[in-house]
file coords21.pdb (PDB, C-alpha atoms, pLDDT in the B column)
MODEL        1
ATOM      1  CA  HIS K 501     -21.536 -17.185 -99.066  1.00 54.00           C
ATOM      2  CA  HIS K 502     -17.827 -17.911 -98.915  1.00 52.00           C
ATOM      3  CA  THR K 503     -17.214 -14.991 -96.563  1.00 52.00           C
ATOM      4  CA  ILE K 504     -19.816 -16.185 -94.049  1.00 51.00           C
ATOM      5  CA  SER K 505     -18.604 -19.791 -94.070  1.00 50.00           C
ATOM      6  CA  ILE K 506     -15.051 -18.659 -93.297  1.00 48.00           C
ATOM      7  CA  ALA K 507     -15.957 -16.079 -90.607  1.00 48.00           C
ATOM      8  CA  ILE K 508     -18.032 -18.440 -88.477  1.00 44.00           C
ATOM      9  CA  PRO K 509     -15.203 -20.946 -87.782  1.00 48.00           C
ATOM     10  CA  LEU K 510     -12.845 -18.062 -86.937  1.00 43.00           C
ATOM     11  CA  ILE K 511     -15.286 -16.662 -84.379  1.00 41.00           C
ATOM     12  CA  MET K 512     -15.764 -20.091 -82.833  1.00 42.00           C
ATOM     13  CA  MET K 513     -12.031 -20.638 -82.597  1.00 40.00           C
ATOM     14  CA  HIS K 514     -11.590 -17.268 -80.906  1.00 44.00           C
ATOM     15  CA  THR K 515     -14.350 -18.064 -78.398  1.00 42.00           C
ATOM     16  CA  ASN K 516     -12.847 -21.442 -77.533  1.00 46.00           C
ATOM     17  CA  TYR K 517      -9.444 -19.839 -76.978  1.00 41.00           C
ATOM     18  CA  ASN K 518     -10.848 -17.372 -74.448  1.00 50.00           C
ATOM     19  CA  ARG K 519     -12.486 -20.212 -72.544  1.00 55.00           C
ATOM     20  CA  ALA K 520      -9.312 -22.237 -72.253  1.00 58.00           C
ATOM     21  CA  THR K 521      -9.138 -24.333 -69.101  1.00 64.00           C
ATOM     22  CA  PRO K 522      -6.772 -22.796 -66.492  1.00 62.00           C
ATOM     23  CA  PRO K 523      -3.846 -24.880 -65.210  1.00 67.00           C
ATOM     24  CA  PRO K 524      -4.788 -27.434 -62.526  1.00 73.00           C
ATOM     25  CA  LEU K 525      -4.650 -26.103 -58.970  1.00 77.00           C
ATOM     26  CA  GLY K 526      -2.626 -29.005 -57.582  1.00 85.00           C
ATOM     27  CA  THR K 527      -2.343 -29.590 -53.826  1.00 91.00           C
ATOM     28  CA  MET K 528      -1.053 -27.708 -50.804  1.00 95.00           C
ATOM     29  CA  ASN K 529       1.531 -30.411 -50.132  1.00 96.00           C
ATOM     30  CA  GLY K 530       4.954 -28.889 -49.640  1.00 95.00           C
ATOM     31  CA  THR K 531       6.696 -26.119 -47.726  1.00 96.00           C
ATOM     32  CA  TRP K 532       5.223 -22.631 -47.398  1.00 97.00           C
ATOM     33  CA  ILE K 533       6.697 -19.409 -46.018  1.00 95.00           C
ATOM     34  CA  LEU K 534       4.728 -16.484 -44.600  1.00 95.00           C
ATOM     35  CA  ASP K 535       4.575 -13.464 -46.912  1.00 95.00           C
ATOM     36  CA  LYS K 536       4.906 -10.583 -44.458  1.00 92.00           C
ATOM     37  CA  SER K 537       4.235  -7.978 -47.150  1.00 92.00           C
ATOM     38  CA  ARG K 538       0.516  -8.645 -47.592  1.00 90.00           C
ATOM     39  CA  GLY K 539      -2.643  -9.424 -45.667  1.00 84.00           C
ATOM     40  CA  SER K 540      -2.533  -9.081 -41.872  1.00 82.00           C
ATOM     41  CA  PRO K 541       0.502 -11.151 -40.890  1.00 89.00           C
ATOM     42  CA  SER K 542       0.626  -9.802 -37.320  1.00 91.00           C
ATOM     43  CA  MET K 543      -0.922 -12.030 -34.671  1.00 93.00           C
ATOM     44  CA  ARG K 544      -1.518  -9.119 -32.260  1.00 94.00           C
ATOM     45  CA  GLY K 545      -5.293  -9.052 -32.737  1.00 95.00           C
ATOM     46  CA  TYR K 546      -5.509 -12.810 -32.287  1.00 95.00           C
ATOM     47  CA  LEU K 547      -3.441 -12.748 -29.091  1.00 93.00           C
ATOM     48  CA  GLU K 548      -5.288  -9.742 -27.670  1.00 93.00           C
ATOM     49  CA  THR K 549      -8.614 -11.518 -28.224  1.00 93.00           C
ATOM     50  CA  MET K 550      -7.246 -14.543 -26.415  1.00 91.00           C
ATOM     51  CA  GLY K 551      -6.237 -12.363 -23.474  1.00 90.00           C
ATOM     52  CA  VAL K 552      -2.469 -12.688 -23.767  1.00 90.00           C
ATOM     53  CA  THR K 553      -0.408 -10.103 -21.864  1.00 91.00           C
ATOM     54  CA  GLU K 554       1.139  -7.168 -23.710  1.00 94.00           C
ATOM     55  CA  LEU K 555       4.634  -8.332 -22.754  1.00 94.00           C
ATOM     56  CA  ALA K 556       4.057 -11.718 -24.366  1.00 91.00           C
ATOM     57  CA  ILE K 557       2.513 -10.127 -27.475  1.00 92.00           C
ATOM     58  CA  GLU K 558       5.547  -7.881 -27.933  1.00 93.00           C
ATOM     59  CA  ALA K 559       7.857 -10.874 -27.562  1.00 90.00           C
ATOM     60  CA  HIS K 560       5.831 -12.744 -30.179  1.00 89.00           C
ATOM     61  CA  GLU K 561       5.927  -9.831 -32.621  1.00 89.00           C
ATOM     62  CA  LYS K 562       9.674  -9.457 -32.182  1.00 88.00           C
ATOM     63  CA  GLY K 563      10.189 -13.168 -32.798  1.00 86.00           C
ATOM     64  CA  GLU K 564       8.111 -13.181 -35.980  1.00 86.00           C
ATOM     65  CA  ALA K 565       9.782 -10.022 -37.275  1.00 86.00           C
ATOM     66  CA  GLU K 566      13.256 -11.490 -36.860  1.00 86.00           C
ATOM     67  CA  HIS K 567      12.532 -15.035 -38.050  1.00 88.00           C
ATOM     68  CA  GLU K 568      10.559 -16.660 -40.844  1.00 91.00           C
ATOM     69  CA  THR K 569       7.323 -18.585 -40.274  1.00 92.00           C
ATOM     70  CA  ILE K 570       7.229 -21.882 -42.157  1.00 94.00           C
ATOM     71  CA  HIS K 571       4.421 -24.404 -42.694  1.00 95.00           C
ATOM     72  CA  GLN K 572       5.207 -27.866 -44.031  1.00 96.00           C
ATOM     73  CA  ILE K 573       2.048 -29.674 -45.174  1.00 97.00           C
ATOM     74  CA  ASP K 574       1.366 -33.283 -46.105  1.00 96.00           C
ATOM     75  CA  PHE K 575      -2.262 -33.796 -47.162  1.00 95.00           C
ATOM     76  CA  ALA K 576      -3.085 -37.328 -48.335  1.00 90.00           C
ATOM     77  CA  ASP K 577      -6.632 -38.698 -48.606  1.00 86.00           C
ATOM     78  CA  ASN K 578      -8.239 -38.175 -45.173  1.00 93.00           C
ATOM     79  CA  ARG K 579      -5.004 -37.403 -43.317  1.00 96.00           C
ATOM     80  CA  PHE K 580      -3.729 -33.872 -42.770  1.00 97.00           C
ATOM     81  CA  ARG K 581      -0.308 -33.249 -41.274  1.00 96.00           C
ATOM     82  CA  ILE K 582       1.274 -29.875 -40.658  1.00 95.00           C
ATOM     83  CA  LYS K 583       4.612 -28.917 -39.178  1.00 95.00           C
ATOM     84  CA  LYS K 584       4.825 -25.278 -38.093  1.00 91.00           C
ATOM     85  CA  VAL K 585       8.271 -23.785 -37.650  1.00 89.00           C
ATOM     86  CA  SER K 586       8.815 -20.266 -36.314  1.00 83.00           C
ATOM     87  CA  ARG K 587      10.677 -18.395 -33.583  1.00 74.00           C
ATOM     88  CA  VAL K 588       7.758 -19.033 -31.229  1.00 73.00           C
ATOM     89  CA  THR K 589       6.583 -22.553 -31.982  1.00 74.00           C
ATOM     90  CA  ASP K 590       7.797 -25.779 -33.531  1.00 83.00           C
ATOM     91  CA  LEU K 591       4.698 -27.964 -33.789  1.00 86.00           C
ATOM     92  CA  ASP K 592       4.067 -31.220 -35.624  1.00 93.00           C
ATOM     93  CA  LEU K 593       0.359 -32.073 -35.755  1.00 93.00           C
ATOM     94  CA  GLU K 594      -1.380 -34.896 -37.590  1.00 96.00           C
ATOM     95  CA  LEU K 595      -5.173 -35.055 -37.905  1.00 97.00           C
ATOM     96  CA  THR K 596      -7.633 -37.462 -39.496  1.00 97.00           C
ATOM     97  CA  LEU K 597     -10.469 -35.678 -41.267  1.00 97.00           C
ATOM     98  CA  GLY K 598     -13.748 -35.976 -39.380  1.00 97.00           C
ATOM     99  CA  GLU K 599     -12.156 -37.399 -36.225  1.00 97.00           C
ATOM    100  CA  GLU K 600     -11.877 -35.213 -33.128  1.00 97.00           C
ATOM    101  CA  PHE K 601      -8.401 -34.981 -31.643  1.00 95.00           C
ATOM    102  CA  ARG K 602      -8.302 -34.502 -27.865  1.00 95.00           C
ATOM    103  CA  GLN K 603      -5.256 -33.217 -26.033  1.00 91.00           C
ATOM    104  CA  ASN K 604      -4.994 -33.249 -22.253  1.00 90.00           C
ATOM    105  CA  MET K 605      -3.532 -30.087 -20.797  1.00 86.00           C
ATOM    106  CA  PRO K 606      -2.392 -29.082 -17.293  1.00 85.00           C
ATOM    107  CA  GLY K 607      -5.113 -28.542 -14.710  1.00 82.00           C
ATOM    108  CA  ASP K 608      -7.423 -31.256 -16.080  1.00 84.00           C
ATOM    109  CA  ARG K 609      -8.143 -29.093 -19.100  1.00 89.00           C
ATOM    110  CA  VAL K 610      -8.795 -30.532 -22.555  1.00 93.00           C
ATOM    111  CA  LYS K 611      -8.203 -29.078 -25.978  1.00 94.00           C
ATOM    112  CA  THR K 612     -10.211 -30.459 -28.913  1.00 96.00           C
ATOM    113  CA  VAL K 613      -9.342 -30.179 -32.602  1.00 97.00           C
ATOM    114  CA  LEU K 614     -11.480 -31.241 -35.575  1.00 98.00           C
ATOM    115  CA  ALA K 615     -10.352 -31.062 -39.200  1.00 98.00           C
ATOM    116  CA  THR K 616     -12.750 -31.266 -42.155  1.00 97.00           C
ATOM    117  CA  SER K 617     -12.397 -30.626 -45.870  1.00 96.00           C
ATOM    118  CA  GLU K 618     -14.732 -30.278 -48.826  1.00 94.00           C
ATOM    119  CA  CYS K 619     -11.783 -30.516 -51.205  1.00 94.00           C
ATOM    120  CA  PRO K 620      -8.931 -32.558 -49.662  1.00 93.00           C
ATOM    121  CA  GLY K 621      -5.522 -31.365 -50.730  1.00 94.00           C
ATOM    122  CA  GLN K 622      -6.744 -27.895 -51.642  1.00 95.00           C
ATOM    123  CA  GLU K 623      -8.721 -26.751 -48.586  1.00 97.00           C
ATOM    124  CA  VAL K 624      -8.946 -27.657 -44.912  1.00 97.00           C
ATOM    125  CA  ARG K 625     -10.962 -26.275 -41.988  1.00 98.00           C
ATOM    126  CA  ILE K 626      -9.546 -26.839 -38.506  1.00 97.00           C
ATOM    127  CA  GLU K 627     -11.824 -26.046 -35.566  1.00 98.00           C
ATOM    128  CA  SER K 628     -10.239 -25.897 -32.110  1.00 97.00           C
ATOM    129  CA  ARG K 629     -11.674 -25.297 -28.678  1.00 96.00           C
ATOM    130  CA  MET K 630      -8.906 -24.627 -26.204  1.00 93.00           C
ATOM    131  CA  PRO K 631      -8.625 -23.446 -22.621  1.00 90.00           C
ATOM    132  CA  THR K 632      -6.514 -20.382 -21.940  1.00 85.00           C
ATOM    133  CA  MET K 633      -5.454 -18.558 -18.798  1.00 77.00           C
ATOM    134  CA  ASN K 634      -8.526 -16.369 -19.254  1.00 79.00           C
ATOM    135  CA  GLY K 635     -11.262 -18.841 -20.174  1.00 85.00           C
ATOM    136  CA  VAL K 636     -11.885 -20.718 -23.409  1.00 93.00           C
ATOM    137  CA  ALA K 637     -11.097 -19.739 -26.986  1.00 95.00           C
ATOM    138  CA  ASN K 638     -12.735 -21.104 -30.121  1.00 97.00           C
ATOM    139  CA  VAL K 639     -10.520 -20.982 -33.201  1.00 97.00           C
ATOM    140  CA  VAL K 640     -11.439 -21.659 -36.828  1.00 98.00           C
ATOM    141  CA  ASP K 641      -8.375 -21.990 -39.051  1.00 97.00           C
ATOM    142  CA  VAL K 642      -9.171 -22.264 -42.775  1.00 98.00           C
ATOM    143  CA  LYS K 643      -6.346 -22.914 -45.216  1.00 97.00           C
ATOM    144  CA  SER K 644      -7.155 -22.605 -48.931  1.00 97.00           C
ATOM    145  CA  LEU K 645      -5.020 -23.034 -52.015  1.00 96.00           C
ATOM    146  CA  VAL K 646      -5.493 -20.345 -54.688  1.00 95.00           C
ATOM    147  CA  ARG K 647      -3.748 -19.513 -57.929  1.00 92.00           C
ATOM    148  CA  GLU K 648      -2.535 -16.034 -58.825  1.00 90.00           C
ATOM    149  CA  GLY K 649      -1.218 -16.212 -62.359  1.00 86.00           C
ATOM    150  CA  ASP K 650       1.582 -18.772 -62.356  1.00 85.00           C
ATOM    151  CA  LEU K 651       1.997 -18.680 -58.570  1.00 89.00           C
ATOM    152  CA  LEU K 652       0.191 -20.839 -56.017  1.00 93.00           C
ATOM    153  CA  ILE K 653      -0.753 -19.099 -52.764  1.00 96.00           C
ATOM    154  CA  LEU K 654      -1.805 -20.685 -49.471  1.00 97.00           C
ATOM    155  CA  VAL K 655      -4.318 -18.380 -47.781  1.00 97.00           C
ATOM    156  CA  GLN K 656      -4.905 -18.784 -44.037  1.00 97.00           C
ATOM    157  CA  THR K 657      -8.014 -17.235 -42.484  1.00 97.00           C
ATOM    158  CA  LEU K 658      -7.779 -17.475 -38.702  1.00 96.00           C
ATOM    159  CA  THR K 659     -10.840 -16.509 -36.643  1.00 98.00           C
ATOM    160  CA  ILE K 660     -10.760 -16.576 -32.847  1.00 97.00           C
ATOM    161  CA  THR K 661     -13.671 -16.053 -30.452  1.00 97.00           C
ATOM    162  CA  ASN K 662     -13.205 -15.503 -26.725  1.00 95.00           C
ATOM    163  CA  GLU K 663     -16.126 -17.264 -25.023  1.00 94.00           C
ATOM    164  CA  LEU K 664     -15.842 -15.148 -21.881  1.00 91.00           C
ATOM    165  CA  THR K 665     -15.764 -11.706 -23.481  1.00 90.00           C
ATOM    166  CA  GLY K 666     -17.511 -12.510 -26.748  1.00 93.00           C
ATOM    167  CA  LYS K 667     -14.749 -10.684 -28.603  1.00 94.00           C
ATOM    168  CA  GLN K 668     -13.864 -12.009 -32.058  1.00 96.00           C
ATOM    169  CA  HIS K 669     -10.995 -11.302 -34.433  1.00 97.00           C
ATOM    170  CA  THR K 670     -10.056 -12.546 -37.901  1.00 97.00           C
ATOM    171  CA  THR K 671      -6.500 -12.632 -39.230  1.00 96.00           C
ATOM    172  CA  THR K 672      -5.714 -13.325 -42.897  1.00 96.00           C
ATOM    173  CA  ARG K 673      -2.214 -14.436 -43.801  1.00 96.00           C
ATOM    174  CA  TYR K 674      -0.636 -15.433 -47.105  1.00 97.00           C
ATOM    175  CA  PHE K 675       1.997 -18.113 -47.598  1.00 96.00           C
ATOM    176  CA  VAL K 676       4.067 -18.672 -50.748  1.00 96.00           C
ATOM    177  CA  PRO K 677       6.035 -21.768 -51.826  1.00 94.00           C
ATOM    178  CA  HIS K 678       9.399 -22.058 -50.084  1.00 90.00           C
ATOM    179  CA  GLN K 679      12.551 -23.750 -51.262  1.00 80.00           C
ATOM    180  CA  GLY K 680      15.723 -24.103 -49.276  1.00 65.00           C
ATOM    181  CA  GLU K 681      16.713 -24.960 -45.747  1.00 61.00           C
ATOM    182  CA  ILE K 682      14.423 -24.627 -42.746  1.00 59.00           C
ATOM    183  CA  GLY K 683      15.703 -22.458 -39.910  1.00 53.00           C
ATOM    184  CA  ALA K 684      16.707 -23.497 -36.398  1.00 46.00           C
ATOM    185  CA  PRO K 685      14.140 -24.948 -33.957  1.00 44.00           C
ATOM    186  CA  ALA K 686      11.834 -22.538 -32.194  1.00 43.00           C
ATOM    187  CA  ALA K 687      12.263 -21.139 -28.724  1.00 42.00           C
ATOM    188  CA  THR K 688       9.374 -23.345 -27.640  1.00 40.00           C
ATOM    189  CA  ALA K 689       9.304 -26.631 -29.533  1.00 39.00           C
ATOM    190  CA  LYS K 690       6.401 -29.046 -29.255  1.00 42.00           C
ATOM    191  CA  ASP K 691       5.564 -32.433 -30.658  1.00 43.00           C
ATOM    192  CA  SER K 692       2.113 -33.645 -31.734  1.00 41.00           C
ATOM    193  CA  GLU K 693       1.168 -34.300 -28.117  1.00 40.00           C
ATOM    194  CA  GLY K 694       1.954 -30.735 -27.136  1.00 39.00           C
ATOM    195  CA  LYS K 695       4.920 -31.618 -24.927  1.00 38.00           C
ATOM    196  CA  SER K 696       7.570 -28.946 -24.700  1.00 35.00           C
ATOM    197  CA  ARG K 697      11.023 -29.916 -25.977  1.00 38.00           C
ATOM    198  CA  ARG K 698      12.783 -26.573 -25.549  1.00 36.00           C
ATOM    199  CA  SER K 699      12.037 -23.319 -23.799  1.00 34.00           C
ATOM    200  CA  SER K 700      13.342 -19.798 -23.582  1.00 36.00           C
ATOM    201  CA  GLY K 701      12.205 -16.429 -22.297  1.00 36.00           C
ATOM    202  CA  VAL K 702       9.844 -15.977 -25.256  1.00 38.00           C
ATOM    203  CA  GLY K 703       8.501 -19.489 -24.924  1.00 40.00           C
ATOM    204  CA  ARG K 704       7.814 -19.145 -21.219  1.00 37.00           C
ATOM    205  CA  MET K 705       6.012 -15.835 -21.590  1.00 38.00           C
ATOM    206  CA  LEU K 706       3.760 -17.146 -24.342  1.00 43.00           C
ATOM    207  CA  GLY K 707       3.256 -20.507 -22.756  1.00 42.00           C
ATOM    208  CA  ALA K 708       1.878 -18.896 -19.618  1.00 37.00           C
ATOM    209  CA  ASP K 709      -0.888 -17.174 -21.554  1.00 42.00           C
ATOM    210  CA  MET K 710      -1.781 -19.231 -24.589  1.00 42.00           C
ATOM    211  CA  ASP K 711      -1.681 -22.550 -26.335  1.00 43.00           C
ATOM    212  CA  ASP K 712       0.345 -21.875 -29.443  1.00 43.00           C
ATOM    213  CA  ASP K 713      -0.811 -24.863 -31.492  1.00 43.00           C
ATOM    214  CA  GLU K 714      -2.948 -22.583 -33.653  1.00 45.00           C
ATOM    215  CA  GLU K 715      -1.121 -19.315 -33.245  1.00 49.00           C
ATOM    216  CA  ASP K 716       0.603 -19.428 -36.587  1.00 52.00           C
TER
ENDMDL
END

call {"tool": "encode", "arguments": {"input": "coords21.pdb", "output": "structure tokens"}}
result
Amino acid sequence: HHTISIAIPLIMMHTNYNRATPPPLGTMNGTWILDKSRGSPSMRGYLETMGVTELAIEAHEKGEAEHETIHQIDFADNRFRIKKVSRVTDLDLELTLGEEFRQNMPGDRVKTVLATSECPGQEVRIESRMPTMNGVANVVDVKSLVREGDLLILVQTLTITNELTGKQHTTTRYFVPHQGEIGAPAATAKDSEGKSRRSSGVGRMLGADMDDDEED
């Protein structure tokens, strides 16, 4: 009888240990840098689906290869703010969950953006409908926070559909926490209203073919 009474508590303790609660996930607030070693970090498929010229795509790839892509996120309650810093774009965008953001573009065109979240701070879905030089593109940008061991990872799943051609492409990119200084402003810098602050050869080539608010 003594052997059984001792063995049962030991088994229960072992079972409870295996079912230990994992560390809390936390939030995606902070600064994230693109991990170019995994996933599909290249935006070629995305840009080709949009109808961007080969020259502009090559310029974009060169820019991303030579410079880091940074996302700074501030997610509080129903407000989502992201600052994207790369060689190609420098964008600061703030959205209120559930409220459509409308941006007037040249030629009486309008871009719409809607952000929703089932788990604020840990996941956000941004749906954009934007005019391009070759029609209209629908973009679904899902950012999710996941844990891999002791490291938090920000996973971006970017799906674009070209309304004219029906072509669709999905890009998956991984971002890891970043500490340190942020690089110089991009060749094409924009504020939350989409107004250009700087331009260069790369910026002009891309700007002629695409709206880069969701390109990275």

call {"tool": "residues_near_point", "arguments": {"input": "coords21.pdb", "point": "(-10.5, -15.7, -21.8)", "cutoff": "7 Å", "atoms": "all atoms listed in the file", "output": "list of chain:residue names"}}
result
K:Met550, K:Gly551, K:Thr632, K:Met633, K:Asn634, K:Gly635, K:Val636, K:Ala637, K:Asn662, K:Glu663, K:Leu664, K:Thr665

call {"tool": "residues_around", "arguments": {"input": "coords21.pdb", "residues": "Leu654 of chain K", "least_positions_apart": "4", "cutoff": "7 Å", "atoms": "all atoms listed in the file", "output": "ChimeraX atom specification"}}
result
/K:643-646,674-676

call {"tool": "residues_around", "arguments": {"input": "coords21.pdb", "residues": "segment 666-671 of chain K", "least_positions_apart": "2", "cutoff": "10 Å", "atoms": "all atoms listed in the file", "output": "ChimeraX atom specification"}}
result
/K:539-550,637-641,656-664,673

call {"tool": "closest_residue", "arguments": {"input": "coords21.pdb", "among": "K:Leu555, K:Glu648, K:Leu597, K:Arg629", "to": "Asp577 of chain K", "atoms": "all atoms listed in the file"}}
result
K:Leu597

call {"tool": "closest_residue", "arguments": {"input": "coords21.pdb", "among": "K:Val624, K:Cys619, K:Val613, K:Ala559", "to": "Arg587 of chain K", "atoms": "all atoms listed in the file"}}
result
K:Ala559

call {"tool": "atom_distance", "arguments": {"input": "coords21.pdb", "atom1": "atom CA of His571 of chain K", "atom2": "atom CA of Pro620 of chain K"}}
result
17.1 Å

call {"tool": "atom_distance", "arguments": {"input": "coords21.pdb", "atom1": "atom CA of Phe580 of chain K", "atom2": "atom CA of Arg609 of chain K"}}
result
24.5 Å

call {"tool": "atom_distance", "arguments": {"input": "coords21.pdb", "atom1": "atom CA of Gly598 of chain K", "atom2": "atom CA of Trp532 of chain K"}}
result
24.5 Å

call {"tool": "resolve_selection", "arguments": {"input": "coords21.pdb", "expression": "the PyMOL selection byres ((chain K and resi 584) around 6)", "output": "list in words"}}
result
Ile570, His571, Lys583, Val585, Asp590 and Leu591 of chain K

call {"tool": "resolve_selection", "arguments": {"input": "coords21.pdb", "expression": "the PyMOL selection byres ((chain K and resi 678) around 6)", "output": "number ranges by chain"}}
result
K: 531-533, 677, 679

call {"tool": "resolve_selection", "arguments": {"input": "coords21.pdb", "expression": "the PyMOL selection byres ((chain K and resi 568) around 8)", "output": "ChimeraX atom specification"}}
result
/K:533-534,564-567,569-570,586-587,683

call {"tool": "residues_around", "arguments": {"input": "coords21.pdb", "residues": "Glu594 of chain K", "least_positions_apart": "6", "cutoff": "8 Å", "atoms": "all atoms listed in the file", "output": "VMD selection string"}}
result
chain K and resid 579 to 582 692
